[in-house]
Every structure is written in structure tokens, then in C-alpha cells.
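Participant: Structure: work.pdb, PDB, C-alpha atoms.
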```pdb
ATOM      1  CA  MET A   1      48.409   2.318  41.340  1.00  0.00           C
ATOM      2  CA  LEU A   2      45.759   3.379  38.881  1.00  0.00           C
ATOM      3  CA  THR A   3      42.153   3.017  40.028  1.00  0.00           C
ATOM      4  CA  LEU A   4      39.314   2.861  37.531  1.00  0.00           C
ATOM      5  CA  TYR A   5      35.678   3.200  38.555  1.00  0.00           C
ATOM      6  CA  SER A   6      33.560   1.720  35.805  1.00  0.00           C
ATOM      7  CA  THR A   7      31.182  -0.984  34.599  1.00  0.00           C
ATOM      8  CA  ALA A   8      31.258  -2.937  31.349  1.00  0.00           C
ATOM      9  CA  LEU A   9      27.472  -2.657  31.206  1.00  0.00           C
ATOM     10  CA  SER A  10      28.067   0.866  29.925  1.00  0.00           C
ATOM     11  CA  ALA A  11      29.493   1.625  26.487  1.00  0.00           C
ATOM     12  CA  ASN A  12      31.651   4.393  27.943  1.00  0.00           C
ATOM     13  CA  GLY A  13      32.744   2.168  30.781  1.00  0.00           C
ATOM     14  CA  ARG A  14      33.556  -0.710  28.486  1.00  0.00           C
ATOM     15  CA  LYS A  15      35.786   1.259  26.137  1.00  0.00           C
ATOM     16  CA  VAL A  16      38.093   2.333  28.962  1.00  0.00           C
ATOM     17  CA  LEU A  17      38.144  -1.141  30.489  1.00  0.00           C
ATOM     18  CA  ALA A  18      38.981  -2.651  27.097  1.00  0.00           C
ATOM     19  CA  VAL A  19      41.762  -0.177  26.332  1.00  0.00           C
ATOM     20  CA  SER A  20      43.230  -0.729  29.805  1.00  0.00           C
ATOM     21  CA  ARG A  21      43.332  -4.473  29.137  1.00  0.00           C
ATOM     22  CA  HIS A  22      44.713  -4.062  25.635  1.00  0.00           C
ATOM     23  CA  LEU A  23      47.523  -1.868  26.968  1.00  0.00           C
ATOM     24  CA  GLU A  24      48.127  -4.415  29.764  1.00  0.00           C
ATOM     25  CA  LEU A  25      47.974  -1.739  32.445  1.00  0.00           C
ATOM     26  CA  ASP A  26      48.018  -2.558  36.137  1.00  0.00           C
ATOM     27  CA  ILE A  27      44.695  -1.073  37.209  1.00  0.00           C
ATOM     28  CA  ASP A  28      42.508  -1.593  40.249  1.00  0.00           C
ATOM     29  CA  VAL A  29      39.002  -1.787  38.764  1.00  0.00           C
ATOM     30  CA  ARG A  30      36.144  -0.882  41.071  1.00  0.00           C
ATOM     31  CA  VAL A  31      32.722  -1.603  39.671  1.00  0.00           C
ATOM     32  CA  VAL A  32      30.208   1.214  39.994  1.00  0.00           C
ATOM     33  CA  ASN A  33      26.812   0.153  38.670  1.00  0.00           C
ATOM     34  CA  VAL A  34      25.276   3.517  37.882  1.00  0.00           C
ATOM     35  CA  TYR A  35      22.085   1.757  36.764  1.00  0.00           C
ATOM     36  CA  ARG A  36      21.498   0.727  40.369  1.00  0.00           C
ATOM     37  CA  GLY A  37      22.130   4.246  41.646  1.00  0.00           C
ATOM     38  CA  GLU A  38      25.678   3.600  42.829  1.00  0.00           C
ATOM     39  CA  GLY A  39      26.921   6.699  41.043  1.00  0.00           C
ATOM     40  CA  ARG A  40      24.860   8.821  43.447  1.00  0.00           C
ATOM     41  CA  HIS A  41      26.510   7.478  46.589  1.00  0.00           C
ATOM     42  CA  ALA A  42      28.255  10.199  48.551  1.00  0.00           C
ATOM     43  CA  GLY A  43      31.602   8.418  48.424  1.00  0.00           C
ATOM     44  CA  TYR A  44      31.564   8.239  44.653  1.00  0.00           C
ATOM     45  CA  LEU A  45      30.266  11.791  44.196  1.00  0.00           C
ATOM     46  CA  ALA A  46      33.272  12.966  46.172  1.00  0.00           C
ATOM     47  CA  ILE A  47      35.438  11.461  43.420  1.00  0.00           C
ATOM     48  CA  ASN A  48      33.277  12.410  40.437  1.00  0.00           C
ATOM     49  CA  PRO A  49      30.590  15.052  41.079  1.00  0.00           C
ATOM     50  CA  THR A  50      28.773  14.143  37.852  1.00  0.00           C
ATOM     51  CA  GLY A  51      27.933  10.724  39.281  1.00  0.00           C
ATOM     52  CA  LYS A  52      28.804   9.113  35.964  1.00  0.00           C
ATOM     53  CA  ILE A  53      31.374   6.533  34.932  1.00  0.00           C
ATOM     54  CA  PRO A  54      34.138   5.965  34.120  1.00  0.00           C
ATOM     55  CA  THR A  55      36.463   7.807  36.482  1.00  0.00           C
ATOM     56  CA  LEU A  56      40.225   7.300  36.637  1.00  0.00           C
ATOM     57  CA  VAL A  57      42.307   8.089  39.725  1.00  0.00           C
ATOM     58  CA  ASP A  58      46.076   8.226  39.334  1.00  0.00           C
ATOM     59  CA  GLY A  59      47.602   9.265  42.647  1.00  0.00           C
ATOM     60  CA  ASP A  60      46.362  12.778  43.336  1.00  0.00           C
ATOM     61  CA  PHE A  61      45.032  13.173  39.781  1.00  0.00           C
ATOM     62  CA  THR A  62      41.394  12.404  38.979  1.00  0.00           C
ATOM     63  CA  LEU A  63      39.969  12.333  35.471  1.00  0.00           C
ATOM     64  CA  TYR A  64      36.547  11.649  34.033  1.00  0.00           C
ATOM     65  CA  GLU A  65      35.102  11.707  30.485  1.00  0.00           C
ATOM     66  CA  SER A  66      35.873   8.417  28.776  1.00  0.00           C
ATOM     67  CA  ASN A  67      37.731   9.697  25.720  1.00  0.00           C
ATOM     68  CA  ALA A  68      39.920  11.950  27.852  1.00  0.00           C
ATOM     69  CA  ILE A  69      40.812   8.884  29.936  1.00  0.00           C
ATOM     70  CA  LEU A  70      41.774   6.965  26.787  1.00  0.00           C
ATOM     71  CA  LEU A  71      44.158   9.750  25.801  1.00  0.00           C
ATOM     72  CA  TYR A  72      45.673   9.984  29.256  1.00  0.00           C
ATOM     73  CA  LEU A  73      46.244   6.245  29.625  1.00  0.00           C
ATOM     74  CA  SER A  74      48.017   6.056  26.281  1.00  0.00           C
ATOM     75  CA  GLU A  75      50.231   9.080  26.852  1.00  0.00           C
ATOM     76  CA  ALA A  76      50.989   8.733  30.556  1.00  0.00           C
ATOM     77  CA  HIS A  77      51.166   4.959  30.958  1.00  0.00           C
ATOM     78  CA  ALA A  78      51.588   3.243  27.578  1.00  0.00           C
ATOM     79  CA  ASN A  79      54.240   5.167  25.643  1.00  0.00           C
ATOM     80  CA  PHE A  80      51.614   6.431  23.173  1.00  0.00           C
ATOM     81  CA  ARG A  81      50.417   2.941  22.161  1.00  0.00           C
ATOM     82  CA  LEU A  82      47.045   3.099  20.368  1.00  0.00           C
ATOM     83  CA  TRP A  83      47.775   6.807  19.911  1.00  0.00           C
ATOM     84  CA  SER A  84      50.633   8.553  18.118  1.00  0.00           C
ATOM     85  CA  ARG A  85      53.518  10.964  18.512  1.00  0.00           C
ATOM     86  CA  ASP A  86      52.888  12.220  14.983  1.00  0.00           C
ATOM     87  CA  PRO A  87      50.735  15.380  15.274  1.00  0.00           C
ATOM     88  CA  LYS A  88      48.928  14.715  12.002  1.00  0.00           C
ATOM     89  CA  LEU A  89      47.983  11.182  13.003  1.00  0.00           C
ATOM     90  CA  ARG A  90      46.966  12.429  16.450  1.00  0.00           C
ATOM     91  CA  GLY A  91      44.789  15.030  14.794  1.00  0.00           C
ATOM     92  CA  ARG A  92      43.049  12.426  12.668  1.00  0.00           C
ATOM     93  CA  MET A  93      42.495  10.161  15.663  1.00  0.00           C
ATOM     94  CA  ALA A  94      41.286  13.059  17.797  1.00  0.00           C
ATOM     95  CA  ARG A  95      38.811  14.016  15.083  1.00  0.00           C
ATOM     96  CA  TRP A  96      37.130  10.615  15.515  1.00  0.00           C
ATOM     97  CA  LEU A  97      37.117  10.981  19.308  1.00  0.00           C
ATOM     98  CA  PHE A  98      35.314  14.319  19.037  1.00  0.00           C
ATOM     99  CA  TRP A  99      33.013  12.982  16.316  1.00  0.00           C
ATOM    100  CA  GLU A 100      32.108  10.021  18.514  1.00  0.00           C
ATOM    101  CA  SER A 101      31.176  12.170  21.505  1.00  0.00           C
ATOM    102  CA  ALA A 102      29.459  14.936  19.530  1.00  0.00           C
ATOM    103  CA  HIS A 103      27.579  12.940  16.881  1.00  0.00           C
ATOM    104  CA  TRP A 104      27.804   9.136  16.980  1.00  0.00           C
ATOM    105  CA  GLN A 105      27.042   8.522  20.642  1.00  0.00           C
ATOM    106  CA  PRO A 106      24.214  11.099  20.969  1.00  0.00           C
ATOM    107  CA  ALA A 107      22.469   9.765  17.854  1.00  0.00           C
ATOM    108  CA  LEU A 108      22.733   6.175  19.061  1.00  0.00           C
ATOM    109  CA  ALA A 109      21.701   7.053  22.603  1.00  0.00           C
ATOM    110  CA  ALA A 110      18.445   8.443  21.265  1.00  0.00           C
ATOM    111  CA  LEU A 111      17.926   5.558  18.845  1.00  0.00           C
ATOM    112  CA  LEU A 112      18.642   2.817  21.388  1.00  0.00           C
ATOM    113  CA  SER A 113      17.225   4.319  24.579  1.00  0.00           C
ATOM    114  CA  ALA A 114      14.123   2.100  24.710  1.00  0.00           C
ATOM    115  CA  CYS A 115      15.969  -1.126  23.869  1.00  0.00           C
ATOM    116  CA  VAL A 116      18.886  -0.485  26.222  1.00  0.00           C
ATOM    117  CA  GLY A 117      16.672   0.869  28.990  1.00  0.00           C
ATOM    118  CA  HIS A 118      14.431  -2.191  28.915  1.00  0.00           C
ATOM    119  CA  ARG A 119      17.378  -4.584  29.064  1.00  0.00           C
ATOM    120  CA  LEU A 120      18.901  -2.733  31.991  1.00  0.00           C
ATOM    121  CA  LEU A 121      15.712  -2.010  33.931  1.00  0.00           C
ATOM    122  CA  PRO A 122      12.946  -4.303  32.643  1.00  0.00           C
ATOM    123  CA  HIS A 123      10.658  -3.513  35.581  1.00  0.00           C
ATOM    124  CA  LEU A 124      10.849   0.220  34.956  1.00  0.00           C
ATOM    125  CA  VAL A 125      11.212   0.564  31.175  1.00  0.00           C
ATOM    126  CA  ALA A 126       8.662  -1.089  28.895  1.00  0.00           C
ATOM    127  CA  ALA A 127       9.828  -3.271  26.035  1.00  0.00           C
ATOM    128  CA  PRO A 128      10.072  -1.253  22.797  1.00  0.00           C
ATOM    129  CA  ALA A 129       7.192  -1.681  20.394  1.00  0.00           C
ATOM    130  CA  ALA A 130       9.569  -1.915  17.435  1.00  0.00           C
ATOM    131  CA  GLN A 131      13.228  -2.316  16.588  1.00  0.00           C
ATOM    132  CA  PRO A 132      15.306   0.865  16.218  1.00  0.00           C
ATOM    133  CA  ASP A 133      14.931   2.716  12.924  1.00  0.00           C
ATOM    134  CA  TRP A 134      18.442   2.314  11.527  1.00  0.00           C
ATOM    135  CA  ASN A 135      17.466   4.526   8.587  1.00  0.00           C
ATOM    136  CA  ALA A 136      16.650   7.471  10.832  1.00  0.00           C
ATOM    137  CA  PRO A 137      17.927  10.735   9.290  1.00  0.00           C
ATOM    138  CA  THR A 138      19.797  11.563  12.490  1.00  0.00           C
ATOM    139  CA  PHE A 139      21.775   8.330  12.263  1.00  0.00           C
ATOM    140  CA  ALA A 140      22.025   6.990   8.710  1.00  0.00           C
ATOM    141  CA  PRO A 141      24.471   9.673   7.448  1.00  0.00           C
ATOM    142  CA  LEU A 142      26.836   8.869  10.326  1.00  0.00           C
ATOM    143  CA  LEU A 143      26.804   5.188   9.479  1.00  0.00           C
ATOM    144  CA  ASN A 144      27.347   5.949   5.801  1.00  0.00           C
ATOM    145  CA  MET A 145      30.373   8.041   6.764  1.00  0.00           C
ATOM    146  CA  LEU A 146      31.842   5.113   8.674  1.00  0.00           C
ATOM    147  CA  GLU A 147      31.093   2.725   5.833  1.00  0.00           C
ATOM    148  CA  ALA A 148      32.947   4.974   3.369  1.00  0.00           C
ATOM    149  CA  THR A 149      35.929   5.384   5.690  1.00  0.00           C
ATOM    150  CA  LEU A 150      36.203   1.676   6.477  1.00  0.00           C
ATOM    151  CA  SER A 151      35.910   0.741   2.802  1.00  0.00           C
ATOM    152  CA  ALA A 152      39.323   2.355   2.355  1.00  0.00           C
ATOM    153  CA  SER A 153      41.151   1.092   5.457  1.00  0.00           C
ATOM    154  CA  SER A 154      41.014  -1.638   8.073  1.00  0.00           C
ATOM    155  CA  PHE A 155      40.593   0.799  10.946  1.00  0.00           C
ATOM    156  CA  LEU A 156      39.423   4.376  11.329  1.00  0.00           C
ATOM    157  CA  VAL A 157      42.884   5.854  10.847  1.00  0.00           C
ATOM    158  CA  ASP A 158      44.641   3.848   8.156  1.00  0.00           C
ATOM    159  CA  ASP A 159      45.301   0.178   8.934  1.00  0.00           C
ATOM    160  CA  GLU A 160      46.381   0.420  12.561  1.00  0.00           C
ATOM    161  CA  LEU A 161      44.154  -0.031  15.590  1.00  0.00           C
ATOM    162  CA  SER A 162      43.885   3.080  17.768  1.00  0.00           C
ATOM    163  CA  ILE A 163      41.909   4.492  20.652  1.00  0.00           C
ATOM    164  CA  ALA A 164      39.617   6.020  18.019  1.00  0.00           C
ATOM    165  CA  ASP A 165      38.418   2.522  17.120  1.00  0.00           C
ATOM    166  CA  PHE A 166      37.711   1.653  20.745  1.00  0.00           C
ATOM    167  CA  ALA A 167      35.830   4.931  21.205  1.00  0.00           C
ATOM    168  CA  VAL A 168      33.585   4.431  18.187  1.00  0.00           C
ATOM    169  CA  ALA A 169      33.166   0.710  18.872  1.00  0.00           C
ATOM    170  CA  ALA A 170      31.844   1.371  22.367  1.00  0.00           C
ATOM    171  CA  MET A 171      28.242   1.937  21.304  1.00  0.00           C
ATOM    172  CA  THR A 172      28.279  -1.209  19.176  1.00  0.00           C
ATOM    173  CA  THR A 173      28.137  -2.992  22.528  1.00  0.00           C
ATOM    174  CA  TYR A 174      24.361  -2.739  22.178  1.00  0.00           C
ATOM    175  CA  PHE A 175      24.052  -3.632  18.474  1.00  0.00           C
ATOM    176  CA  ALA A 176      23.461  -7.377  18.780  1.00  0.00           C
ATOM    177  CA  ALA A 177      20.654  -6.810  21.271  1.00  0.00           C
ATOM    178  CA  ALA A 178      19.123  -4.199  18.960  1.00  0.00           C
ATOM    179  CA  ASP A 179      19.234  -6.321  15.798  1.00  0.00           C
ATOM    180  CA  PHE A 180      21.592  -4.093  13.825  1.00  0.00           C
ATOM    181  CA  PRO A 181      21.581  -4.939  10.066  1.00  0.00           C
ATOM    182  CA  PHE A 182      25.287  -5.709   9.703  1.00  0.00           C
ATOM    183  CA  LYS A 183      24.938  -7.285   6.247  1.00  0.00           C
ATOM    184  CA  LYS A 184      23.832  -3.959   4.765  1.00  0.00           C
ATOM    185  CA  TYR A 185      27.178  -2.390   5.702  1.00  0.00           C
ATOM    186  CA  PRO A 186      29.962  -4.819   4.727  1.00  0.00           C
ATOM    187  CA  ALA A 187      32.927  -2.547   5.498  1.00  0.00           C
ATOM    188  CA  PHE A 188      31.513  -1.584   8.875  1.00  0.00           C
ATOM    189  CA  ASP A 189      30.677  -5.232   9.545  1.00  0.00           C
ATOM    190  CA  ALA A 190      34.248  -6.320   8.746  1.00  0.00           C
ATOM    191  CA  TRP A 191      35.649  -3.636  11.064  1.00  0.00           C
ATOM    192  CA  TYR A 192      33.216  -4.655  13.812  1.00  0.00           C
ATOM    193  CA  ARG A 193      34.353  -8.261  13.495  1.00  0.00           C
ATOM    194  CA  ARG A 194      37.996  -7.197  13.749  1.00  0.00           C
ATOM    195  CA  ILE A 195      37.178  -5.399  16.986  1.00  0.00           C
ATOM    196  CA  GLU A 196      35.264  -8.443  18.235  1.00  0.00           C
ATOM    197  CA  THR A 197      38.357 -10.641  17.826  1.00  0.00           C
ATOM    198  CA  LEU A 198      40.420  -8.531  20.230  1.00  0.00           C
ATOM    199  CA  ASP A 199      41.089 -10.314  23.514  1.00  0.00           C
ATOM    200  CA  ALA A 200      40.514  -7.112  25.486  1.00  0.00           C
ATOM    201  CA  TRP A 201      37.157  -6.541  23.797  1.00  0.00           C
ATOM    202  CA  ARG A 202      35.994 -10.109  24.368  1.00  0.00           C
ATOM    203  CA  ALA A 203      37.076  -9.936  28.025  1.00  0.00           C
ATOM    204  CA  THR A 204      34.786  -6.948  28.611  1.00  0.00           C
ATOM    205  CA  ARG A 205      31.706  -8.437  26.949  1.00  0.00           C
ATOM    206  CA  GLU A 206      28.548  -8.433  29.096  1.00  0.00           C
ATOM    207  CA  PRO A 207      26.051 -11.267  28.484  1.00  0.00           C
ATOM    208  CA  LEU A 208      23.184  -8.790  28.939  1.00  0.00           C
ATOM    209  CA  TRP A 209      23.921  -7.388  25.470  1.00  0.00           C
ATOM    210  CA  SER A 210      23.864 -10.697  23.618  1.00  0.00           C
ATOM    211  CA  ALA A 211      21.280 -11.121  20.886  1.00  0.00           C
TER     212      ALA A 211
END
```
Please express the file's structure as C-alpha cells.
Facilitator:
Amino acid sequence: MLTLYSTALSANGRKVLAVSRHLELDIDVRVVNVYRGEGRHAGYLAINPTGKIPTLVDGDFTLYESNAILLYLSEAHANFRLWSRDPKLRGRMARWLFWESAHWQPALAALLSACVGHRLLPHLVAAPAAQPDWNAPTFAPLLNMLEATLSASSFLVDDELSIADFAVAAMTTYFAAADFPFKKYPAFDAWYRRIETLDAWRATREPLWSA
């Protein structure tokens, strides 16, 4: 039995939960609300010393880092669904996974910290004085890159849904709450709406992040 420690409140937690559902895997999900300090409990730290989520336990094998978990689930438990046996396609998908963790997520974490923090912990984090600056030089080039890519294909790697799409979509969890200007980016908007129609994505939606 696979055991997944996670919470859909988190972008990283949601992406693994959504992929698990999409792949129809039999997983025991145990909610760890890191925003209430549950990641610092001794029992959880014994499983994942970083205190972060998600964490996957498969028998005597434990894995953390969300994109690594996506890869493992596809290869070990889903016959490479949402991934590929073709090394060139895998390389292209992996490029987006690394891009997401190295560029997309850090830029958005900085841009959205006040908005997300206030929603999660309104008594500790003050409401932001203004909406995020979506034209920020640390973020706009990344969005333009996605817009160009998605103008040429339905998903990030050609026209087939992959774990790369779930990885990049994770941070869009917060976009409605942060008033993202979807109409300015029609290709990105169309891709986002395709992701939003997925049963697994809808099933992991948290009302906290509604507009």
C-alpha cells in the first residue's frame, strides 16, 4: 500500500494528489497541514526530516520532493502513464519539471507570498496592500515562455497531457485568489482551462483558493 502525506492546500501537495487520482492509484492519503505546524511533529520528521510535504512511502522506500514523486508514481505504479518510455520525450518533459522547480515556482512564491500567506494565516500575515505585479521582471519572461509554448500545442509537450503539466499547473492553484490576468495570455488561459476540466484536478480543489 502506498501512503502519501500531503495537503491540497499546498501547490506541491496538490500536484501529487491530483496525479495520484488521475492515475487511479490505490493510495492511503494522510493529511499533514504544514501551515498548522504538523510538519514539525516528531512522528512526521522521522519520515521526512525536512518537515515539508508531500512525502510518499512505498513499503520500505520513502521519497520526498514533489516532482520526484510524480516520476516515481508513473514509472513504478502506472506503466509510464503521463510520462514516456521514449528518451527524447522524457527529456522534454523532464526539462519542464526542472524549469518548474528552478524558475517558475520560486518566482511565483516570491510574487504571491503576501496573498497566499494572508489567506492561510490571516491572523499572522497582513492583507497585501496591492495585487501581485504580474509584469515583474522576475516573472513576466517565464509567463511569456509558457504563452509561446502553449500557442503551438495543447500541452507543454506536444498535445498529450503529462506530469509536466501537473507540475507547472500546481502554482496556478493560487491564481484565482490573486487575480491573475488570464485574458492577457490566451494560450496559457486555454491550457489552464484544460487542466481545470480534469476530474483529478477538480477533486483536489481547495475552496480557500477561490476568487
Participant: On this structure, which residues satisfy the PyMOL selection byres ((chain A and resi 167-173) around 8), written as a list in words?
Facilitator: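 The output of the PyMOL selection byres ((chain A and resi 167-173) around 8) on this file is Ala11, Asn12, Arg14, Lys15, Asn67, Trp96, Leu97, Glu100, Trp104, Gln105, Leu108, Ile163, Ala164, Asp165, Phe166, Tyr174, Phe175, Ala176, Tyr192, Ile195, Arg205 and Trp209 of chain A.
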Participant: Which residues would end up in the selection if the PyMOL selection byres ((chain A and resi 139) around 10) were applied here, given that I need the answer as a short mmCIF file (atom, residue, chain, number, x, y, z; two decimals) with C-alpha atoms, keeping the file's coordinate frame?
Facilitator:
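As written to disk, out07.cif reads:
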```cif
data_model
loop_
_atom_site.label_atom_id
_atom_site.label_comp_id
_atom_site.auth_asym_id
_atom_site.auth_seq_id
_atom_site.Cartn_x
_atom_site.Cartn_y
_atom_site.Cartn_z
CA HIS A 103 27.58 12.94 16.88
CA TRP A 104 27.80 9.14 16.98
CA GLN A 105 27.04 8.52 20.64
CA PRO A 106 24.21 11.10 20.97
CA ALA A 107 22.47 9.76 17.85
CA LEU A 108 22.73 6.18 19.06
CA ALA A 110 18.44 8.44 21.26
CA LEU A 111 17.93 5.56 18.84
CA ASP A 133 14.93 2.72 12.92
CA TRP A 134 18.44 2.31 11.53
CA ASN A 135 17.47 4.53 8.59
CA ALA A 136 16.65 7.47 10.83
CA PRO A 137 17.93 10.74 9.29
CA THR A 138 19.80 11.56 12.49
CA ALA A 140 22.02 6.99 8.71
CA PRO A 141 24.47 9.67 7.45
CA LEU A 142 26.84 8.87 10.33
CA LEU A 143 26.80 5.19 9.48
CA ASN A 144 27.35 5.95 5.80
#
```
Participant: Find the residue from A:Ala178, A:Ala152, A:Ile53, A:Met145 that sits nearest to Gln131 (chain A); use all atoms listed in the file when measuring.
Facilitator: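 Between A:Ala178, A:Ala152, A:Ile53, A:Met145, the residue approaching Gln131 (chain A) most closely is A:Ala178.
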Participant: Excluding Leu71 (chain A) and residues on its chain fewer than 5 positions from it, collect all residues at most 10 Å away from it, counting all atoms listed in the file, and give them as a tab-separated table (two decimals) with C-alpha atoms, in the coordinates of the input.
Facilitator:
```
chain	number	residue	atom	x	y	z
A	66	SER	CA	35.87	8.42	28.78
A	76	ALA	CA	50.99	8.73	30.56
A	77	HIS	CA	51.17	4.96	30.96
A	80	PHE	CA	51.61	6.43	23.17
A	81	ARG	CA	50.42	2.94	22.16
A	82	LEU	CA	47.04	3.10	20.37
A	83	TRP	CA	47.78	6.81	19.91
A	94	ALA	CA	41.29	13.06	17.80
A	97	LEU	CA	37.12	10.98	19.31
A	163	ILE	CA	41.91	4.49	20.65
A	164	ALA	CA	39.62	6.02	18.02
```
Participant: For Leu150 (chain A), please output as a PyMOL selection string all residues within 8 Å (counting all atoms listed in the file; exclusion window: fewer than 4 positions along the same chain).
Facilitator: chain A and resi 146+154-156+187-188+191
Participant: Measuring atom to atom with all atoms listed in the file, identify which of A:Glu206, A:Glu196, A:Asp58, A:Asp189 is nearest to Ala177 (chain A).
Facilitator: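 Ranked by minimum distance to Ala177 (chain A), first place goes to A:Glu206.
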Participant: Applying the PyMOL selection byres ((chain A and resi 20) around 12) to the file I just gave you, which residues come out? Please list them as JSON, numbers by chain.
Facilitator: {"A": [2, 3, 4, 6, 13, 14, 15, 16, 17, 18, 19, 21, 22, 23, 24, 25, 26, 27, 28, 29, 56, 66, 69, 70, 71, 72, 73, 74, 77, 78, 81, 82, 163, 166, 199, 200, 201, 203, 204]}
Participant: Please dump the current selection as a short mmCIF file (atom, residue, chain, number, x, y, z; two decimals), keeping the file's coordinate frame; keep C-alpha atoms.
Facilitator:
```cif
data_model
loop_
_atom_site.label_atom_id
_atom_site.label_comp_id
_atom_site.auth_asym_id
_atom_site.auth_seq_id
_atom_site.Cartn_x
_atom_site.Cartn_y
_atom_site.Cartn_z
CA LEU A 2 45.76 3.38 38.88
CA THR A 3 42.15 3.02 40.03
CA LEU A 4 39.31 2.86 37.53
CA SER A 6 33.56 1.72 35.80
CA GLY A 13 32.74 2.17 30.78
CA ARG A 14 33.56 -0.71 28.49
CA LYS A 15 35.79 1.26 26.14
CA VAL A 16 38.09 2.33 28.96
CA LEU A 17 38.14 -1.14 30.49
CA ALA A 18 38.98 -2.65 27.10
CA VAL A 19 41.76 -0.18 26.33
CA ARG A 21 43.33 -4.47 29.14
CA HIS A 22 44.71 -4.06 25.64
CA LEU A 23 47.52 -1.87 26.97
CA GLU A 24 48.13 -4.42 29.76
CA LEU A 25 47.97 -1.74 32.44
CA ASP A 26 48.02 -2.56 36.14
CA ILE A 27 44.70 -1.07 37.21
CA ASP A 28 42.51 -1.59 40.25
CA VAL A 29 39.00 -1.79 38.76
CA LEU A 56 40.22 7.30 36.64
CA SER A 66 35.87 8.42 28.78
CA ILE A 69 40.81 8.88 29.94
CA LEU A 70 41.77 6.96 26.79
CA LEU A 71 44.16 9.75 25.80
CA TYR A 72 45.67 9.98 29.26
CA LEU A 73 46.24 6.24 29.62
CA SER A 74 48.02 6.06 26.28
CA HIS A 77 51.17 4.96 30.96
CA ALA A 78 51.59 3.24 27.58
CA ARG A 81 50.42 2.94 22.16
CA LEU A 82 47.04 3.10 20.37
CA ILE A 163 41.91 4.49 20.65
CA PHE A 166 37.71 1.65 20.74
CA ASP A 199 41.09 -10.31 23.51
CA ALA A 200 40.51 -7.11 25.49
CA TRP A 201 37.16 -6.54 23.80
CA ALA A 203 37.08 -9.94 28.02
CA THR A 204 34.79 -6.95 28.61
#
```
Participant: Mind pulling up the distance from CA of Pro54 (chain A) to CA of Phe180 (chain A)?
Facilitator: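 According to the coordinates, CA of Phe180 (chain A) and CA of Pro54 (chain A) are separated by 25.9 Å.
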Participant: Give me the box for region 138-156 of chain A as AutoDock Vina command-line options, namely the centre and edge lengths in Å to one decimal of a box along x, y and z that holds every listed atom plus 6 Å on each side.
Facilitator:
```
--center_x 30.5 --center_y 5.0 --center_z 7.4 --size_x 33.4 --size_y 25.2 --size_z 22.1
```
Participant: Would you please work out which residue, of A:Ser10, A:Asn33, A:Ser162, A:Ser113, is nearest to Arg92 (chain A) when using all atoms listed in the file?
Facilitator: A:Ser162
Participant: Any idea what the distance is between CA of Pro132 (chain A) and CA of Pro207 (chain A)?
Facilitator: 20.3 Å
Participant: Between CA of Leu161 (chain A) and CA of Arg194 (chain A), measure the distance and give it in Å to one decimal.
Facilitator: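 That distance, rounded to one decimal, is 9.6 Å.
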Participant: Using all atoms listed in the file, which of A:Met93, A:Met1, A:Cys115, A:Ala42 sits nearest Ala211 (chain A)?
Facilitator: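 Nearest candidate to Ala211 (chain A) out of A:Met93, A:Met1, A:Cys115, A:Ala42: A:Cys115.
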Participant: Near Tyr44 (chain A), counting all atoms listed in the file, which residues have an atom at most 12 Å away, once you skip same-chain residues fewer than 3 positions from it, shown as number ranges by chain?
Facilitator: A: 4-6, 30-34, 37-41, 47-57
Participant: Take the selection from the previous step and output its residues with C-alpha atoms, as an mmCIF file, keeping the file's coordinate frame.
Facilitator:
```
data_model
loop_
_atom_site.group_PDB
_atom_site.id
_atom_site.type_symbol
_atom_site.label_atom_id
_atom_site.label_comp_id
_atom_site.auth_asym_id
_atom_site.auth_seq_id
_atom_site.Cartn_x
_atom_site.Cartn_y
_atom_site.Cartn_z
ATOM 1 C CA LEU A 4 39.314 2.861 37.531
ATOM 2 C CA TYR A 5 35.678 3.200 38.555
ATOM 3 C CA SER A 6 33.560 1.720 35.805
ATOM 4 C CA ARG A 30 36.144 -0.882 41.071
ATOM 5 C CA VAL A 31 32.722 -1.603 39.671
ATOM 6 C CA VAL A 32 30.208 1.214 39.994
ATOM 7 C CA ASN A 33 26.812 0.153 38.670
ATOM 8 C CA VAL A 34 25.276 3.517 37.882
ATOM 9 C CA GLY A 37 22.130 4.246 41.646
ATOM 10 C CA GLU A 38 25.678 3.600 42.829
ATOM 11 C CA GLY A 39 26.921 6.699 41.043
ATOM 12 C CA ARG A 40 24.860 8.821 43.447
ATOM 13 C CA HIS A 41 26.510 7.478 46.589
ATOM 14 C CA ILE A 47 35.438 11.461 43.420
ATOM 15 C CA ASN A 48 33.277 12.410 40.437
ATOM 16 C CA PRO A 49 30.590 15.052 41.079
ATOM 17 C CA THR A 50 28.773 14.143 37.852
ATOM 18 C CA GLY A 51 27.933 10.724 39.281
ATOM 19 C CA LYS A 52 28.804 9.113 35.964
ATOM 20 C CA ILE A 53 31.374 6.533 34.932
ATOM 21 C CA PRO A 54 34.138 5.965 34.120
ATOM 22 C CA THR A 55 36.463 7.807 36.482
ATOM 23 C CA LEU A 56 40.225 7.300 36.637
ATOM 24 C CA VAL A 57 42.307 8.089 39.725
#
```
